[in-house]
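Structure first, commentary second.
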Amino acid sequence: MAFKIGWAEVDITPAKGTKIGLSGQFFERITDEVESPVTVTAFALECGDDRMVIASCDLVGIGKNLHEMVKERVQAKYPELKGKVITNAIHTHTSYVYNRKNTDTGSALDVLKKLLPKGMEYKPLVSSDKMLDPEIALNFLADKISLAVVSAWENRTEGYYAGAFGRAAVGMNRRVCYDDGTAKMWGDTNLANFEELEAGNDSGIEIIYTFDKDRELNGVIANVACPAQVVEHRNFISSDYWGKVKENLRKHFGRNIFVLGLCSAAGDLCPRDLIRWVNPETPIDDPNIHREDYIERRADPSMFDISGLKVVGRRISGELIAVYEELDKSALKNEGPFIHRTEEMVLPLRRVTITEYNEALEKIENYIEKNKGRAMTFEDNAKMHIYAGTLARYKFQQKNETFTEEIHIIRLGDMAMATNPFELFLNYGNKIRARSRAKQTFLIQLACGADGYLPTAKAERGSHYSAYVSSGITGHEGGDILVRETLTLINGMFRE
């Protein structure tokens, strides 16, 4: 049976003058300024009795509630797409705040409300009534993502595809290890106590080019191990580096080219080189970014600013163009094995020890004692939410041992795709790719949910943000199960 391929892109940029909250930082940002449009790009594929649609969204994450709303809308119109829709986020920090709900393990905010005396609670610097209501934003996004999925499905026609591989230096490790065994996200490497970056990076780009029935290029799928977070602290709406990639590819190939950006395992990666540190061009409200002894480096431009966006966009788009130009166009495929399975994976809850619980409670109590009568700042809020999340987890774990995640495994010819809902640390992705029997393995994180970071055992020992208990719902035990079961599912397809 021949492949049928469909594409669609739907604009989700707010209407002119509409202010939205920007999601992804502990300090609030509200804006109607647009640096680049934010969109949903959907890719549909059908062959024989199987099918899939992947919708890549310019959002920080896909809440499970949003994913379920999209599925309901799509299945009401096309029942055959039940279990066949994948939603994922590029993980930009310059897109919508919406009413995002994931696996409910207790609210850190509720804990803080109960513990903080009146007058100490955090009050946002900008009134939320000046931005688009998060519940309205949720329904708007559900409608638009559903529209993209349905449109891609309806647009499918006979077509061809080709797998390819490229490289671009984009994602760098963002956790710094010190000589006392501790680690820190965004840690300062210009210290005598600096030992190493906690893990490596992945410059590989898994690529699929798609073609219409006349063998004309109509789409590019690129799996990059780096979240879209160059301008993550800035106060404007942006699709981050993927916006530049699309712009560059459309200048080269024409305006009708579709681009599906997929974020690979990159929970501990970022676009910045922590060894050749380059300061932001203007100040940023994040204490982890400040350097006491800043040394100017000859290196990348600021990877906190538009100058960095342009470089990252150029690296990725330039590689996608160069690989395409060397592609053997006579080897395009329009048939072959295509299997899409949706599984429910049961993973263990990462538990809080009694010692961790008592330490977290003590931290909050000490904060209250030292700061009586003073309202909480955004920096206080960030620190206390970590401990409040620990208290919430301790309460939740008394009655819950496991949770369930929606996972998709696909075989497309000699290639495999696997999804997960986490900010998955790189080493888990490395284990899956290294042991996969597929010729090429695409890993799609923050898909069909967004249940926080999934750190390695080494990261848990080093601790700090992204590896705290409250940074994610599961820990390295869950990561090991995810790797093992994902490999079993992938490799099982290649034995059939």
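Naming scheme: A, B, ... for chains in displayed order of the structure tokens; residues 1 onward per chain; ligands 1 onward as shown.
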(message) I'd like the neighbourhood of A:Ala299 as a ChimeraX atom specification, where a residue qualifies if any of its atoms comes within 12 Å (using only C-alpha atoms), though same-chain residues fewer than 3 positions away should be ignored.
(response) /A:272-279,295-296,302-303,308,311
All residues 10 Å or closer to A:His290, only C-alpha atoms, same chain fewer than 3 positions away omitted, as a compact mmCIF listing (two decimals) with all heavy atoms, in the first residue's frame:
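Just written: around26.txt:
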# COMPACT_ATOMS: atom_id res chain seq x y z
N TRP A 186 22.72 25.79 35.53
CA TRP A 186 23.29 27.10 35.24
C TRP A 186 24.45 27.44 36.19
O TRP A 186 24.79 28.59 36.36
CB TRP A 186 22.26 28.23 35.35
CG TRP A 186 21.00 28.03 34.58
CD1 TRP A 186 19.74 28.02 35.07
CD2 TRP A 186 20.87 27.84 33.18
NE1 TRP A 186 18.82 27.82 34.07
CE2 TRP A 186 19.50 27.70 32.89
CE3 TRP A 186 21.78 27.74 32.13
CZ2 TRP A 186 19.01 27.49 31.61
CZ3 TRP A 186 21.29 27.52 30.85
CH2 TRP A 186 19.93 27.40 30.61
N GLY A 187 25.05 26.41 36.78
CA GLY A 187 26.14 26.69 37.72
C GLY A 187 27.31 27.41 37.08
O GLY A 187 27.58 27.29 35.88
N ASP A 188 28.02 28.16 37.90
CA ASP A 188 29.20 28.92 37.45
C ASP A 188 30.38 27.96 37.31
O ASP A 188 30.76 27.28 38.25
CB ASP A 188 29.51 30.00 38.48
CG ASP A 188 30.53 31.01 37.97
OD1 ASP A 188 31.16 30.76 36.93
OD2 ASP A 188 30.69 32.07 38.63
N ASN A 279 27.53 36.46 28.56
CA ASN A 279 26.46 37.10 29.31
C ASN A 279 25.31 37.55 28.41
O ASN A 279 25.51 37.83 27.22
CB ASN A 279 26.99 38.33 30.04
CG ASN A 279 27.31 38.04 31.50
OD1 ASN A 279 27.00 36.97 32.03
ND2 ASN A 279 27.94 39.00 32.16
N PRO A 280 24.09 37.64 28.96
CA PRO A 280 22.98 38.23 28.21
C PRO A 280 23.31 39.67 27.81
O PRO A 280 24.09 40.36 28.48
CB PRO A 280 21.82 38.20 29.21
CG PRO A 280 22.21 37.21 30.25
CD PRO A 280 23.70 37.23 30.31
N PRO A 283 20.09 42.81 31.24
CA PRO A 283 19.86 42.03 32.47
C PRO A 283 18.64 41.12 32.38
O PRO A 283 17.67 41.40 31.68
CB PRO A 283 19.66 43.12 33.53
CG PRO A 283 20.39 44.31 32.99
CD PRO A 283 20.21 44.25 31.51
N ILE A 284 18.70 40.01 33.13
CA ILE A 284 17.65 39.00 33.17
C ILE A 284 17.27 38.74 34.62
O ILE A 284 18.15 38.67 35.49
CB ILE A 284 18.13 37.70 32.49
CG1 ILE A 284 18.13 37.86 30.97
CG2 ILE A 284 17.31 36.50 32.89
CD1 ILE A 284 18.74 36.71 30.22
N ASP A 285 15.98 38.58 34.88
CA ASP A 285 15.49 38.34 36.24
C ASP A 285 15.63 36.87 36.62
O ASP A 285 14.64 36.16 36.85
CB ASP A 285 14.02 38.76 36.37
CG ASP A 285 13.86 40.26 36.44
OD1 ASP A 285 14.80 40.94 36.87
OD2 ASP A 285 12.78 40.75 36.06
N ASP A 286 16.86 36.39 36.68
CA ASP A 286 17.11 35.01 37.09
C ASP A 286 18.46 35.01 37.81
O ASP A 286 19.51 35.20 37.20
CB ASP A 286 17.15 34.09 35.87
CG ASP A 286 17.28 32.62 36.24
OD1 ASP A 286 17.77 32.33 37.35
OD2 ASP A 286 16.91 31.76 35.43
N PRO A 287 18.45 34.79 39.14
CA PRO A 287 19.71 34.85 39.90
C PRO A 287 20.74 33.82 39.46
O PRO A 287 21.94 34.01 39.68
CB PRO A 287 19.25 34.59 41.34
CG PRO A 287 17.93 33.90 41.22
CD PRO A 287 17.30 34.45 39.98
N ASP A 293 32.29 37.03 38.59
CA ASP A 293 33.58 37.30 37.94
C ASP A 293 33.45 36.95 36.46
O ASP A 293 33.96 35.92 36.00
CB ASP A 293 34.68 36.48 38.62
CG ASP A 293 36.06 36.76 38.02
OD1 ASP A 293 36.22 37.84 37.41
OD2 ASP A 293 36.94 35.89 38.15
N TYR A 294 32.78 37.82 35.72
CA TYR A 294 32.53 37.53 34.31
C TYR A 294 33.77 37.83 33.48
O TYR A 294 34.38 38.90 33.59
CB TYR A 294 31.35 38.36 33.79
CG TYR A 294 31.14 38.21 32.30
CD1 TYR A 294 30.80 36.98 31.76
CD2 TYR A 294 31.30 39.29 31.44
CE1 TYR A 294 30.62 36.82 30.39
CE2 TYR A 294 31.12 39.15 30.07
CZ TYR A 294 30.79 37.91 29.56
OH TYR A 294 30.61 37.76 28.21
(message) Just list as an MDAnalysis selection string whatever in stretch 78-201 of chain A DSSP marks as helix (DSSP H, G or I).
(response) chainID A and resid 79:81 108:115 128:130 134:154
Could you save the residues just selected, with N, CA and C atoms, as a CSV table (one decimal), in the first residue's frame?
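Output saved as out-v1.csv:
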chain,number,residue,atom,x,y,z
A,79,PRO,N,-13.3,9.1,13.9
A,79,PRO,CA,-13.1,8.0,14.9
A,79,PRO,C,-11.9,7.1,14.6
A,80,GLU,N,-11.5,7.0,13.4
A,80,GLU,CA,-10.4,6.2,13.0
A,80,GLU,C,-9.1,6.7,13.5
A,81,LEU,N,-9.1,7.9,14.1
A,81,LEU,CA,-7.8,8.5,14.6
A,81,LEU,C,-7.7,8.3,16.1
A,108,ALA,N,1.8,22.5,45.1
A,108,ALA,CA,2.7,23.2,45.9
A,108,ALA,C,2.1,24.6,46.3
A,109,LEU,N,1.3,25.1,45.4
A,109,LEU,CA,0.7,26.4,45.7
A,109,LEU,C,-0.3,26.3,46.9
A,110,ASP,N,-1.1,25.2,46.9
A,110,ASP,CA,-2.0,25.0,48.1
A,110,ASP,C,-1.2,24.8,49.4
A,111,VAL,N,-0.1,24.1,49.3
A,111,VAL,CA,0.7,24.0,50.5
A,111,VAL,C,1.2,25.3,51.0
A,112,LEU,N,1.7,26.2,50.1
A,112,LEU,CA,2.2,27.5,50.5
A,112,LEU,C,1.1,28.3,51.1
A,113,LYS,N,-0.1,28.3,50.5
A,113,LYS,CA,-1.2,29.1,51.0
A,113,LYS,C,-1.6,28.7,52.4
A,114,LYS,N,-1.5,27.4,52.8
A,114,LYS,CA,-1.8,27.0,54.1
A,114,LYS,C,-0.7,27.4,55.1
A,115,LEU,N,0.5,27.4,54.7
A,115,LEU,CA,1.6,27.6,55.6
A,115,LEU,C,2.0,29.1,55.8
A,128,SER,N,-3.1,39.7,36.7
A,128,SER,CA,-3.4,38.7,35.7
A,128,SER,C,-4.7,39.1,34.9
A,129,ASP,N,-5.5,40.1,35.4
A,129,ASP,CA,-6.7,40.4,34.7
A,129,ASP,C,-6.4,41.2,33.4
A,130,LYS,N,-5.1,41.5,33.2
A,130,LYS,CA,-4.7,42.2,32.0
A,130,LYS,C,-4.2,41.3,30.9
A,134,PRO,N,-6.4,32.1,31.4
A,134,PRO,CA,-5.8,30.8,31.1
A,134,PRO,C,-6.9,29.8,30.7
A,135,GLU,N,-8.1,29.8,31.1
A,135,GLU,CA,-9.1,28.9,30.7
A,135,GLU,C,-9.6,29.2,29.3
A,136,ILE,N,-9.7,30.4,28.9
A,136,ILE,CA,-10.0,30.8,27.5
A,136,ILE,C,-8.8,30.4,26.6
A,137,ALA,N,-7.6,30.6,27.1
A,137,ALA,CA,-6.4,30.2,26.3
A,137,ALA,C,-6.4,28.7,26.1
A,138,LEU,N,-6.8,27.9,27.1
A,138,LEU,CA,-6.9,26.4,27.0
A,138,LEU,C,-7.8,26.0,25.9
A,139,ASN,N,-9.0,26.5,25.9
A,139,ASN,CA,-10.0,26.2,24.8
A,139,ASN,C,-9.6,26.7,23.5
A,140,PHE,N,-9.0,27.8,23.4
A,140,PHE,CA,-8.5,28.4,22.1
A,140,PHE,C,-7.4,27.4,21.5
A,141,LEU,N,-6.5,27.0,22.4
A,141,LEU,CA,-5.4,26.1,21.9
A,141,LEU,C,-6.0,24.7,21.5
A,142,ALA,N,-6.9,24.2,22.3
A,142,ALA,CA,-7.5,22.9,21.9
A,142,ALA,C,-8.2,23.0,20.6
A,143,ASP,N,-8.9,24.1,20.3
A,143,ASP,CA,-9.6,24.3,19.0
A,143,ASP,C,-8.5,24.3,17.9
A,144,LYS,N,-7.5,25.1,18.1
A,144,LYS,CA,-6.5,25.3,17.0
A,144,LYS,C,-5.6,24.1,16.7
A,145,ILE,N,-5.3,23.3,17.8
A,145,ILE,CA,-4.5,22.1,17.6
A,145,ILE,C,-5.3,21.1,16.9
A,146,SER,N,-6.6,21.0,17.3
A,146,SER,CA,-7.5,20.0,16.7
A,146,SER,C,-7.7,20.4,15.2
A,147,LEU,N,-7.8,21.7,14.9
A,147,LEU,CA,-7.9,22.1,13.5
A,147,LEU,C,-6.7,21.7,12.7
A,148,ALA,N,-5.5,21.8,13.3
A,148,ALA,CA,-4.3,21.5,12.6
A,148,ALA,C,-4.3,19.9,12.3
A,149,VAL,N,-4.7,19.2,13.3
A,149,VAL,CA,-4.7,17.7,13.1
A,149,VAL,C,-5.7,17.3,12.1
A,150,VAL,N,-6.9,17.8,12.1
A,150,VAL,CA,-7.9,17.5,11.2
A,150,VAL,C,-7.5,17.9,9.8
A,151,SER,N,-7.0,19.1,9.7
A,151,SER,CA,-6.6,19.6,8.3
A,151,SER,C,-5.5,18.8,7.7
A,152,ALA,N,-4.5,18.4,8.5
A,152,ALA,CA,-3.4,17.5,8.0
A,152,ALA,C,-4.0,16.2,7.5
A,153,TRP,N,-4.9,15.6,8.3
A,153,TRP,CA,-5.5,14.4,7.9
A,153,TRP,C,-6.3,14.5,6.6
A,154,GLU,N,-7.1,15.6,6.5
A,154,GLU,CA,-7.9,15.8,5.3
A,154,GLU,C,-7.0,16.1,4.1
(request) Tell me which protein, DNA and RNA residues are within 9 Å of A:Phe442, counting only C-alpha atoms, leaving out same-chain ones fewer than 5 positions away, and put them as number ranges by chain. (result) A: 206-207, 222-223, 262, 264, 415-419, 433
Take the residues just selected and output them with all heavy atoms as a PDB file, in the first residue's frame.
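File again.pdb, as written:
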ATOM      1  N   GLU A 206      17.995  13.864  13.611  1.00  0.00           N
ATOM      2  CA  GLU A 206      17.272  12.849  12.857  1.00  0.00           C
ATOM      3  C   GLU A 206      16.319  13.581  11.911  1.00  0.00           C
ATOM      4  O   GLU A 206      15.577  14.480  12.343  1.00  0.00           O
ATOM      5  CB  GLU A 206      16.485  11.924  13.786  1.00  0.00           C
ATOM      6  CG  GLU A 206      17.259  11.432  15.011  1.00  0.00           C
ATOM      7  CD  GLU A 206      18.470  10.598  14.685  1.00  0.00           C
ATOM      8  OE1 GLU A 206      18.500   9.982  13.601  1.00  0.00           O
ATOM      9  OE2 GLU A 206      19.399  10.556  15.525  1.00  0.00           O
ATOM     10  N   ILE A 207      16.315  13.225  10.633  1.00  0.00           N
ATOM     11  CA  ILE A 207      15.588  13.999   9.618  1.00  0.00           C
ATOM     12  C   ILE A 207      14.717  13.078   8.767  1.00  0.00           C
ATOM     13  O   ILE A 207      15.119  11.966   8.425  1.00  0.00           O
ATOM     14  CB  ILE A 207      16.567  14.742   8.681  1.00  0.00           C
ATOM     15  CG1 ILE A 207      17.580  15.581   9.482  1.00  0.00           C
ATOM     16  CG2 ILE A 207      15.803  15.620   7.685  1.00  0.00           C
ATOM     17  CD1 ILE A 207      18.747  16.081   8.645  1.00  0.00           C
ATOM     18  N   ALA A 222      12.419  17.397  11.697  1.00  0.00           N
ATOM     19  CA  ALA A 222      13.754  17.452  12.292  1.00  0.00           C
ATOM     20  C   ALA A 222      13.658  17.241  13.794  1.00  0.00           C
ATOM     21  O   ALA A 222      12.906  17.935  14.479  1.00  0.00           O
ATOM     22  CB  ALA A 222      14.425  18.789  11.985  1.00  0.00           C
ATOM     23  N   ASN A 223      14.424  16.285  14.295  1.00  0.00           N
ATOM     24  CA  ASN A 223      14.444  15.912  15.706  1.00  0.00           C
ATOM     25  C   ASN A 223      15.753  16.407  16.320  1.00  0.00           C
ATOM     26  O   ASN A 223      16.820  15.857  16.054  1.00  0.00           O
ATOM     27  CB  ASN A 223      14.317  14.389  15.794  1.00  0.00           C
ATOM     28  CG  ASN A 223      14.037  13.853  17.187  1.00  0.00           C
ATOM     29  OD1 ASN A 223      14.271  12.683  17.454  1.00  0.00           O
ATOM     30  ND2 ASN A 223      13.515  14.654  18.079  1.00  0.00           N
ATOM     31  N   LEU A 262      10.710  18.701  16.320  1.00  0.00           N
ATOM     32  CA  LEU A 262      10.525  17.737  17.399  1.00  0.00           C
ATOM     33  C   LEU A 262      11.708  17.829  18.360  1.00  0.00           C
ATOM     34  O   LEU A 262      12.859  17.758  17.931  1.00  0.00           O
ATOM     35  CB  LEU A 262      10.440  16.314  16.838  1.00  0.00           C
ATOM     36  CG  LEU A 262       9.358  16.048  15.783  1.00  0.00           C
ATOM     37  CD1 LEU A 262       9.488  14.624  15.258  1.00  0.00           C
ATOM     38  CD2 LEU A 262       7.969  16.287  16.349  1.00  0.00           C
ATOM     39  N   SER A 264      14.078  16.282  20.982  1.00  0.00           N
ATOM     40  CA  SER A 264      14.558  14.982  21.436  1.00  0.00           C
ATOM     41  C   SER A 264      14.843  15.027  22.938  1.00  0.00           C
ATOM     42  O   SER A 264      14.564  16.031  23.602  1.00  0.00           O
ATOM     43  CB  SER A 264      15.810  14.605  20.646  1.00  0.00           C
ATOM     44  OG  SER A 264      16.224  13.300  20.940  1.00  0.00           O
ATOM     45  N   MET A 415      13.009   3.082  10.182  1.00  0.00           N
ATOM     46  CA  MET A 415      13.122   4.079  11.249  1.00  0.00           C
ATOM     47  C   MET A 415      12.114   3.799  12.357  1.00  0.00           C
ATOM     48  O   MET A 415      11.064   3.190  12.127  1.00  0.00           O
ATOM     49  CB  MET A 415      12.881   5.481  10.697  1.00  0.00           C
ATOM     50  CG  MET A 415      13.888   5.910   9.636  1.00  0.00           C
ATOM     51  SD  MET A 415      13.568   7.577   9.008  1.00  0.00           S
ATOM     52  CE  MET A 415      12.077   7.312   8.052  1.00  0.00           C
ATOM     53  N   ALA A 416      12.427   4.285  13.569  1.00  0.00           N
ATOM     54  CA  ALA A 416      11.515   4.171  14.702  1.00  0.00           C
ATOM     55  C   ALA A 416      11.295   5.544  15.310  1.00  0.00           C
ATOM     56  O   ALA A 416      12.151   6.437  15.220  1.00  0.00           O
ATOM     57  CB  ALA A 416      12.074   3.223  15.755  1.00  0.00           C
ATOM     58  N   MET A 417      10.115   5.716  15.926  1.00  0.00           N
ATOM     59  CA  MET A 417       9.804   6.909  16.709  1.00  0.00           C
ATOM     60  C   MET A 417       9.271   6.461  18.068  1.00  0.00           C
ATOM     61  O   MET A 417       8.534   5.467  18.148  1.00  0.00           O
ATOM     62  CB  MET A 417       8.757   7.774  16.014  1.00  0.00           C
ATOM     63  CG  MET A 417       9.203   8.430  14.736  1.00  0.00           C
ATOM     64  SD  MET A 417       7.879   9.497  14.080  1.00  0.00           S
ATOM     65  CE  MET A 417       8.764  10.279  12.720  1.00  0.00           C
ATOM     66  N   ALA A 418       9.632   7.182  19.115  1.00  0.00           N
ATOM     67  CA  ALA A 418       9.129   6.875  20.450  1.00  0.00           C
ATOM     68  C   ALA A 418       8.884   8.178  21.196  1.00  0.00           C
ATOM     69  O   ALA A 418       9.713   9.092  21.167  1.00  0.00           O
ATOM     70  CB  ALA A 418      10.127   6.016  21.213  1.00  0.00           C
ATOM     71  N   THR A 419       7.728   8.267  21.864  1.00  0.00           N
ATOM     72  CA  THR A 419       7.389   9.477  22.599  1.00  0.00           C
ATOM     73  C   THR A 419       7.524   9.250  24.100  1.00  0.00           C
ATOM     74  O   THR A 419       7.525   8.110  24.583  1.00  0.00           O
ATOM     75  CB  THR A 419       5.948   9.937  22.304  1.00  0.00           C
ATOM     76  OG1 THR A 419       5.013   9.040  22.953  1.00  0.00           O
ATOM     77  CG2 THR A 419       5.668   9.984  20.817  1.00  0.00           C
ATOM     78  N   ARG A 433      18.613   5.044  21.863  1.00  0.00           N
ATOM     79  CA  ARG A 433      19.163   5.088  20.499  1.00  0.00           C
ATOM     80  C   ARG A 433      20.248   4.037  20.288  1.00  0.00           C
ATOM     81  O   ARG A 433      20.319   3.389  19.243  1.00  0.00           O
ATOM     82  CB  ARG A 433      19.731   6.479  20.207  1.00  0.00           C
ATOM     83  CG  ARG A 433      18.670   7.486  19.785  1.00  0.00           C
ATOM     84  CD  ARG A 433      19.268   8.578  18.925  1.00  0.00           C
ATOM     85  NE  ARG A 433      18.198   9.460  18.470  1.00  0.00           N
ATOM     86  CZ  ARG A 433      17.860  10.607  19.065  1.00  0.00           C
ATOM     87  NH1 ARG A 433      18.513  11.008  20.145  1.00  0.00           N
ATOM     88  NH2 ARG A 433      16.874  11.346  18.583  1.00  0.00           N
TER      89      ARG A 433
END
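Of the listed residues A:Lys363, A:Thr353, A:Thr441, A:Glu121, the one whose atoms come nearest to A:Gln398 is A:Thr353, with distances taken using only C-alpha atoms.
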(message) Set the distance at 7 Å and use only C-alpha atoms: which residues neighbour A:Val259 once local chain neighbours fewer than 4 positions away are removed? I'd like the list as JSON, numbers by chain.
(response) {"A": [219, 220, 221, 246]}
Please produce a file of the residues just selected, as a PDB file, in the first residue's frame, where the atoms kept are N, CA, C and O atoms.
ATOM      1  N   GLY A 219       7.875  18.919   2.804  1.00  0.00           N
ATOM      2  CA  GLY A 219       7.981  19.004   4.254  1.00  0.00           C
ATOM      3  C   GLY A 219       9.287  18.465   4.792  1.00  0.00           C
ATOM      4  O   GLY A 219       9.962  17.641   4.167  1.00  0.00           O
ATOM      5  N   VAL A 220       9.661  18.971   5.985  1.00  0.00           N
ATOM      6  CA  VAL A 220      10.881  18.539   6.667  1.00  0.00           C
ATOM      7  C   VAL A 220      10.533  18.257   8.123  1.00  0.00           C
ATOM      8  O   VAL A 220       9.905  19.082   8.796  1.00  0.00           O
ATOM      9  N   ILE A 221      10.935  17.097   8.607  1.00  0.00           N
ATOM     10  CA  ILE A 221      10.794  16.730  10.015  1.00  0.00           C
ATOM     11  C   ILE A 221      12.200  16.672  10.605  1.00  0.00           C
ATOM     12  O   ILE A 221      13.068  15.983  10.066  1.00  0.00           O
ATOM     13  N   LYS A 246      12.315  27.819  10.240  1.00  0.00           N
ATOM     14  CA  LYS A 246      11.249  27.873   9.234  1.00  0.00           C
ATOM     15  C   LYS A 246      11.479  29.011   8.246  1.00  0.00           C
ATOM     16  O   LYS A 246      11.336  28.843   7.027  1.00  0.00           O
TER      17      LYS A 246
END
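Nearest to A:Asn420 of all the residues A:Tyr178, A:Tyr394, A:Tyr453, A:Tyr96 is A:Tyr453, based on only C-alpha atoms.
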(message) Restricting the calculation to only C-alpha atoms: of A:Leu426, A:Arg234, A:Glu9, A:Ile444, which residue gets closest to A:Arg255?
(response) A:Glu9
Tell me, counting only C-alpha atoms, for each residue of stretch 309-393 of chain A within 10 Å of stretch 224-228 of chain A, which pair of atoms is nearest and how far apart they are in Å to one decimal, in rows ordered by chain and increasing number, as a Markdown table.
| residue | atom | partner | partner_atom | distance |
| --- | --- | --- | --- | --- |
| A:Leu309 | CA | A:Ala228 | CA | 9.4 |
| A:Val312 | CA | A:Ala228 | CA | 9.9 |
| A:Ile316 | CA | A:Val224 | CA | 8.7 |
(message) Env of A:Asp212: 8 Å cut, atoms = only C-alpha atoms, seq-sep filter 3 positions within chain, self excluded. Answer as a ChimeraX atom specification.
(response) /A:5,157-160,215-218
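When atom CA of A:Thr488 is paired with atom CA of A:Leu424, their separation reads 18.4 Å.
Counting only C-alpha atoms and comparing A:Glu196, A:Asp58, A:Glu477, A:Glu46, the residue that lies closest to A:Asp240 is A:Asp58.
Checking A:Val85, A:Leu59, A:Val230, A:Leu116 one by one against A:Asn381, counting only C-alpha atoms, you find the shortest gap at A:Leu116.
For the residues A:Lys184, A:Gly254, A:Leu349, A:Asn235, ranking by smallest atom-to-atom distance to A:Ile289 using only C-alpha atoms places A:Lys184 first.
Of all the residues in stretch 210-349 of chain A, the ones DSSP labels as strand (DSSP E) from the backbone are Thr210, Phe211, Leu217, Asn218, Gly219, Val220, Ile221, Ala222, Asn223, Val224, Phe258, Val259, Leu260, Gly261, Leu262, Cys263, Leu269, Cys270, Phe338, Ile339, His340, Arg341, Thr342, Glu343, Glu344, Met345, Val346, Leu347 and Pro348 of chain A.
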(request) Could you give me, as a ChimeraX atom specification, the residues within 10 Å of A:Gly17, counting only C-alpha atoms and dropping anything in the same chain fewer than 3 positions from it? (result) /A:14,20,31-33
(request) Just the residues within 8 Å of A:Cys57, please, counting only C-alpha atoms, with nothing from its chain fewer than 2 positions along; format it as number ranges by chain. (result) A: 39-41, 55, 59, 87-90, 145
Mind dumping the selected residues with all heavy atoms as an mmCIF file, in the first residue's frame?
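New file out-v7.cif:
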data_model
loop_
_atom_site.group_PDB
_atom_site.id
_atom_site.type_symbol
_atom_site.label_atom_id
_atom_site.label_comp_id
_atom_site.auth_asym_id
_atom_site.auth_seq_id
_atom_site.Cartn_x
_atom_site.Cartn_y
_atom_site.Cartn_z
ATOM 1 N N THR A 39 2.872 28.786 16.164
ATOM 2 C CA THR A 39 2.004 27.982 15.307
ATOM 3 C C THR A 39 1.878 26.556 15.834
ATOM 4 O O THR A 39 2.598 26.143 16.749
ATOM 5 C CB THR A 39 2.552 27.920 13.867
ATOM 6 O OG1 THR A 39 3.837 27.271 13.884
ATOM 7 C CG2 THR A 39 2.702 29.302 13.260
ATOM 8 N N VAL A 40 0.969 25.814 15.218
ATOM 9 C CA VAL A 40 0.884 24.354 15.360
ATOM 10 C C VAL A 40 1.105 23.774 13.969
ATOM 11 O O VAL A 40 0.423 24.156 13.018
ATOM 12 C CB VAL A 40 -0.489 23.906 15.887
ATOM 13 C CG1 VAL A 40 -0.548 22.377 15.950
ATOM 14 C CG2 VAL A 40 -0.786 24.518 17.247
ATOM 15 N N THR A 41 2.065 22.878 13.846
ATOM 16 C CA THR A 41 2.315 22.196 12.575
ATOM 17 C C THR A 41 1.951 20.723 12.746
ATOM 18 O O THR A 41 2.409 20.081 13.700
ATOM 19 C CB THR A 41 3.784 22.311 12.156
ATOM 20 O OG1 THR A 41 4.142 23.690 12.047
ATOM 21 C CG2 THR A 41 4.018 21.634 10.804
ATOM 22 N N ALA A 55 1.247 16.535 15.976
ATOM 23 C CA ALA A 55 1.055 17.987 16.003
ATOM 24 C C ALA A 55 2.122 18.602 16.902
ATOM 25 O O ALA A 55 2.127 18.399 18.123
ATOM 26 C CB ALA A 55 -0.333 18.339 16.526
ATOM 27 N N LEU A 59 4.611 25.699 22.194
ATOM 28 C CA LEU A 59 4.179 25.869 23.577
ATOM 29 C C LEU A 59 5.260 25.353 24.516
ATOM 30 O O LEU A 59 6.168 24.638 24.092
ATOM 31 C CB LEU A 59 2.881 25.088 23.838
ATOM 32 C CG LEU A 59 1.637 25.517 23.051
ATOM 33 C CD1 LEU A 59 0.512 24.505 23.262
ATOM 34 C CD2 LEU A 59 1.187 26.916 23.465
ATOM 35 N N THR A 87 0.473 14.794 20.337
ATOM 36 C CA THR A 87 0.706 16.225 20.487
ATOM 37 C C THR A 87 2.017 16.420 21.245
ATOM 38 O O THR A 87 2.284 15.709 22.218
ATOM 39 C CB THR A 87 -0.439 16.911 21.251
ATOM 40 O OG1 THR A 87 -0.596 16.291 22.538
ATOM 41 C CG2 THR A 87 -1.751 16.816 20.490
ATOM 42 N N ASN A 88 2.825 17.342 20.792
ATOM 43 C CA ASN A 88 4.083 17.592 21.497
ATOM 44 C C ASN A 88 4.424 19.070 21.458
ATOM 45 O O ASN A 88 3.897 19.825 20.638
ATOM 46 C CB ASN A 88 5.224 16.778 20.888
ATOM 47 C CG ASN A 88 5.604 17.238 19.504
ATOM 48 O OD1 ASN A 88 4.922 16.901 18.532
ATOM 49 N ND2 ASN A 88 6.673 18.007 19.384
ATOM 50 N N ALA A 89 5.301 19.488 22.353
ATOM 51 C CA ALA A 89 5.694 20.896 22.473
ATOM 52 C C ALA A 89 7.173 21.065 22.152
ATOM 53 O O ALA A 89 7.991 20.195 22.464
ATOM 54 C CB ALA A 89 5.412 21.412 23.882
ATOM 55 N N ILE A 90 7.509 22.206 21.538
ATOM 56 C CA ILE A 90 8.921 22.518 21.288
ATOM 57 C C ILE A 90 9.599 23.034 22.549
ATOM 58 O O ILE A 90 10.797 23.213 22.589
ATOM 59 C CB ILE A 90 9.086 23.538 20.136
ATOM 60 C CG1 ILE A 90 8.448 24.886 20.496
ATOM 61 C CG2 ILE A 90 8.520 22.966 18.836
ATOM 62 C CD1 ILE A 90 8.786 26.006 19.536
ATOM 63 N N ILE A 145 -5.259 23.349 17.807
ATOM 64 C CA ILE A 145 -4.482 22.120 17.605
ATOM 65 C C ILE A 145 -5.337 21.075 16.901
ATOM 66 O O ILE A 145 -4.882 20.381 15.982
ATOM 67 C CB ILE A 145 -3.940 21.594 18.946
ATOM 68 C CG1 ILE A 145 -2.982 22.609 19.573
ATOM 69 C CG2 ILE A 145 -3.214 20.251 18.744
ATOM 70 C CD1 ILE A 145 -2.588 22.303 21.009
#
